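What follows is a short report on a single structure.
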Amino acid sequence: MTDLAGRSALVTGAASGIGAACARELSARGAAVTLADIDEVGAKALARELGGTSWAVDLLEVEALENLDLEVDILVNNAGVQRISPIEDFAPHDFRTLLTLMVEAPFLLIRAALPHMYRQGFGRIINISSVHGLRASEFKSAYVTAKHGLEGLSKVTALEGGRHGVTSNCVNPGYVRTPLVDKQIADQAAAHGIPEQEVLERILLTESAIKRLVEPDEVAALVGWLASAQAGMVTGASYTMDGGWSAR
């Protein structure tokens, strides 16, 4: 499938996990992909494999993004981190860090990409949100707040971009099988003295009707479709991939 041939894409947090899967999917569809990540080595390695370009960038250094000019057709805002703590113990610095990385940085990248997209009458903004962009969980105040903010940013972008041929959507997975989640499963299993599958069912997937993790390739497949011409009338939407969690 080469429906994105001639298109350029930028994926943040592209060195591993969901970002790497998205980069592979877009490249397989024919797009020229730039892989942005603070992990310069990982981004370069995957860029070489895909015939793409790497961009070593710390998205927390937001002042460096304020005058950026991005000539890309597809922007995938994926970079993110997690912090878990009760609100009364949540470090203010950590709260600000998550909002900067997952709301302010996407805003600045969208701002930098829209002029080019408007000029050519085509653009795809795809924001990797989460079920936590639609639902809340205890001890994740910063992450839930940031993802809710990203949802709002995505919808405003959809409204402003529609007349210019630019769509903006969110993808909302549940727990995805990434190295970060795999480590959390192993740590939880050791701490509770239970098998890893019980960690999935009793702790991570308690709200999900389908008791398994989302695979990164599944998220990437949806991203690939949202980037395509077939999704030209899809905008301002939030696509859940959470095994039924948000059906509750």
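Order determines the names: the first chain of the structure tokens is A, the second B, and so forth; residues in each chain are numbered 1 upward, and ligands are numbered 1 upward as they are shown.
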Counting only C-alpha atoms, what are the residues of range 57-171 of chain A within 12 Å of range 190-214 of chain A, and for each of them which pair of atoms is the nearest and at what distance in Å, to one decimal? Sort the table by chain and rising number, as CSV.
residue,atom,partner,partner_atom,distance
A:Ser130,CA,A:Val214,CA,11.5
A:Val131,CA,A:Ser208,CA,10.6
A:Arg135,CA,A:Glu207,CA,10.9
A:Ala136,CA,A:Glu207,CA,11.6
A:Ser137,CA,A:Glu207,CA,10.6
| request: Could you give me the residues within range 9-234 of chain A that DSSP places in strand (DSSP E or B), as a PyMOL selection string? | output: chain A and resi 9-12+32-37+53-56+74-77+123-128+166-173+176+214
| Atomic distance CA of Thr53 in chain A - CA of Leu35 in chain A, expressed in Å with one decimal | 6.1 Å
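Here CA of Tyr239 in chain A and CA of Asn172 in chain A stand 5.6 Å from one another.
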| said: Neighbouring residues of Arg124 in chain A were defined as those with any atom within 6 Å, considering only C-alpha atoms; residues of the same chain fewer than 3 positions away were excluded. Please report them as a PyMOL selection string. | reply: chain A and resi 74+166-167+227
Only N, CA and C atoms, please: the residues just picked out, written as a PDB file, in the first residue's frame.
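The result, written out as selection_7.pdb:
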ATOM      1  N   ILE A  74       1.826  15.385   7.398  1.00  0.00           N
ATOM      2  CA  ILE A  74       1.217  14.570   8.449  1.00  0.00           C
ATOM      3  C   ILE A  74       2.013  14.780   9.725  1.00  0.00           C
ATOM      4  N   VAL A 166      -7.457  20.450   6.271  1.00  0.00           N
ATOM      5  CA  VAL A 166      -6.665  19.859   7.349  1.00  0.00           C
ATOM      6  C   VAL A 166      -7.601  19.185   8.348  1.00  0.00           C
ATOM      7  N   THR A 167      -7.338  17.929   8.657  1.00  0.00           N
ATOM      8  CA  THR A 167      -8.109  17.221   9.672  1.00  0.00           C
ATOM      9  C   THR A 167      -7.277  17.069  10.937  1.00  0.00           C
ATOM     10  N   ALA A 227      -4.429   9.107   8.356  1.00  0.00           N
ATOM     11  CA  ALA A 227      -3.561   9.921   7.511  1.00  0.00           C
ATOM     12  C   ALA A 227      -3.936   9.835   6.036  1.00  0.00           C
TER      13      ALA A 227
END
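Each of A:Gln230, A:Ser238, A:Gln120, A:Ser246 was compared to Leu153 in chain A using only C-alpha atoms, and A:Ser238 turns out to be the nearest.
Restricting the calculation to only C-alpha atoms, the smallest distance between Asp39 in chain A and any of A:Leu68, A:Ala79, A:Met241, A:Ala9 is found for A:Ala79.
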| note | Using only C-alpha atoms, the residue out of A:Ile185, A:Val171, A:Ala142, A:Ala113 with shortest distance to Ser85 in chain A is A:Ala142
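Coordinates place CA of Glu49 in chain A at a distance of 13.2 Å from CA of Ser16 in chain A.
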| request: Write out as a list of chain:residue names which residues come within 7 Å of Cys170 in chain A when counting only C-alpha atoms, dropping same-chain ones fewer than 4 positions away. | output: A:Ile126, A:Asn127, A:Ile128, A:Ser129, A:Glu151, A:Ser154, A:Ala237, A:Ser238, A:Tyr239
Can I get the selection written as a compact mmCIF listing (two decimals), in the first residue's frame, with N, CA and C atoms?
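As written to disk, out36.txt reads:
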# COMPACT_ATOMS: atom_id res chain seq x y z
N ILE A 126 -2.62 14.08 13.84
CA ILE A 126 -3.07 12.89 14.56
C ILE A 126 -2.42 12.92 15.94
N ASN A 127 -3.24 13.03 16.97
CA ASN A 127 -2.77 13.16 18.34
C ASN A 127 -2.98 11.84 19.08
N ILE A 128 -1.89 11.26 19.55
CA ILE A 128 -2.00 10.02 20.33
C ILE A 128 -2.42 10.41 21.75
N SER A 129 -3.70 10.29 21.99
CA SER A 129 -4.26 10.58 23.30
C SER A 129 -4.29 9.27 24.10
N GLU A 151 -7.12 16.63 23.90
CA GLU A 151 -8.40 16.43 23.21
C GLU A 151 -9.00 17.78 22.78
N SER A 154 -7.02 19.30 19.91
CA SER A 154 -7.31 18.59 18.66
C SER A 154 -8.61 19.05 18.04
N ALA A 237 -12.58 14.07 15.89
CA ALA A 237 -13.05 12.83 16.51
C ALA A 237 -12.02 12.26 17.47
N SER A 238 -12.50 11.37 18.34
CA SER A 238 -11.62 10.64 19.26
C SER A 238 -11.92 9.16 19.07
N TYR A 239 -10.94 8.43 18.56
CA TYR A 239 -11.13 7.02 18.22
C TYR A 239 -10.61 6.14 19.34
Using only C-alpha atoms, find each residue of range 125-215 of chain A with at least one atom at most 8 Å away from an atom of range 99-103 of chain A; report its shortest atom-to-atom pair and that distance in Å (one decimal), sort the rows by chain and rising residue number, and return the result as a tab-separated table.
residue	atom	partner	partner_atom	distance
A:Ala142	CA	A:Leu99	CA	6.9
A:Tyr143	CA	A:Leu99	CA	7.7
A:Thr145	CA	A:Leu99	CA	7.6
A:Ala146	CA	A:Leu99	CA	5.1
A:Lys147	CA	A:Met102	CA	7.0
A:Gly149	CA	A:Val103	CA	6.3
A:Leu150	CA	A:Val103	CA	5.4
A:Leu153	CA	A:Val103	CA	7.8
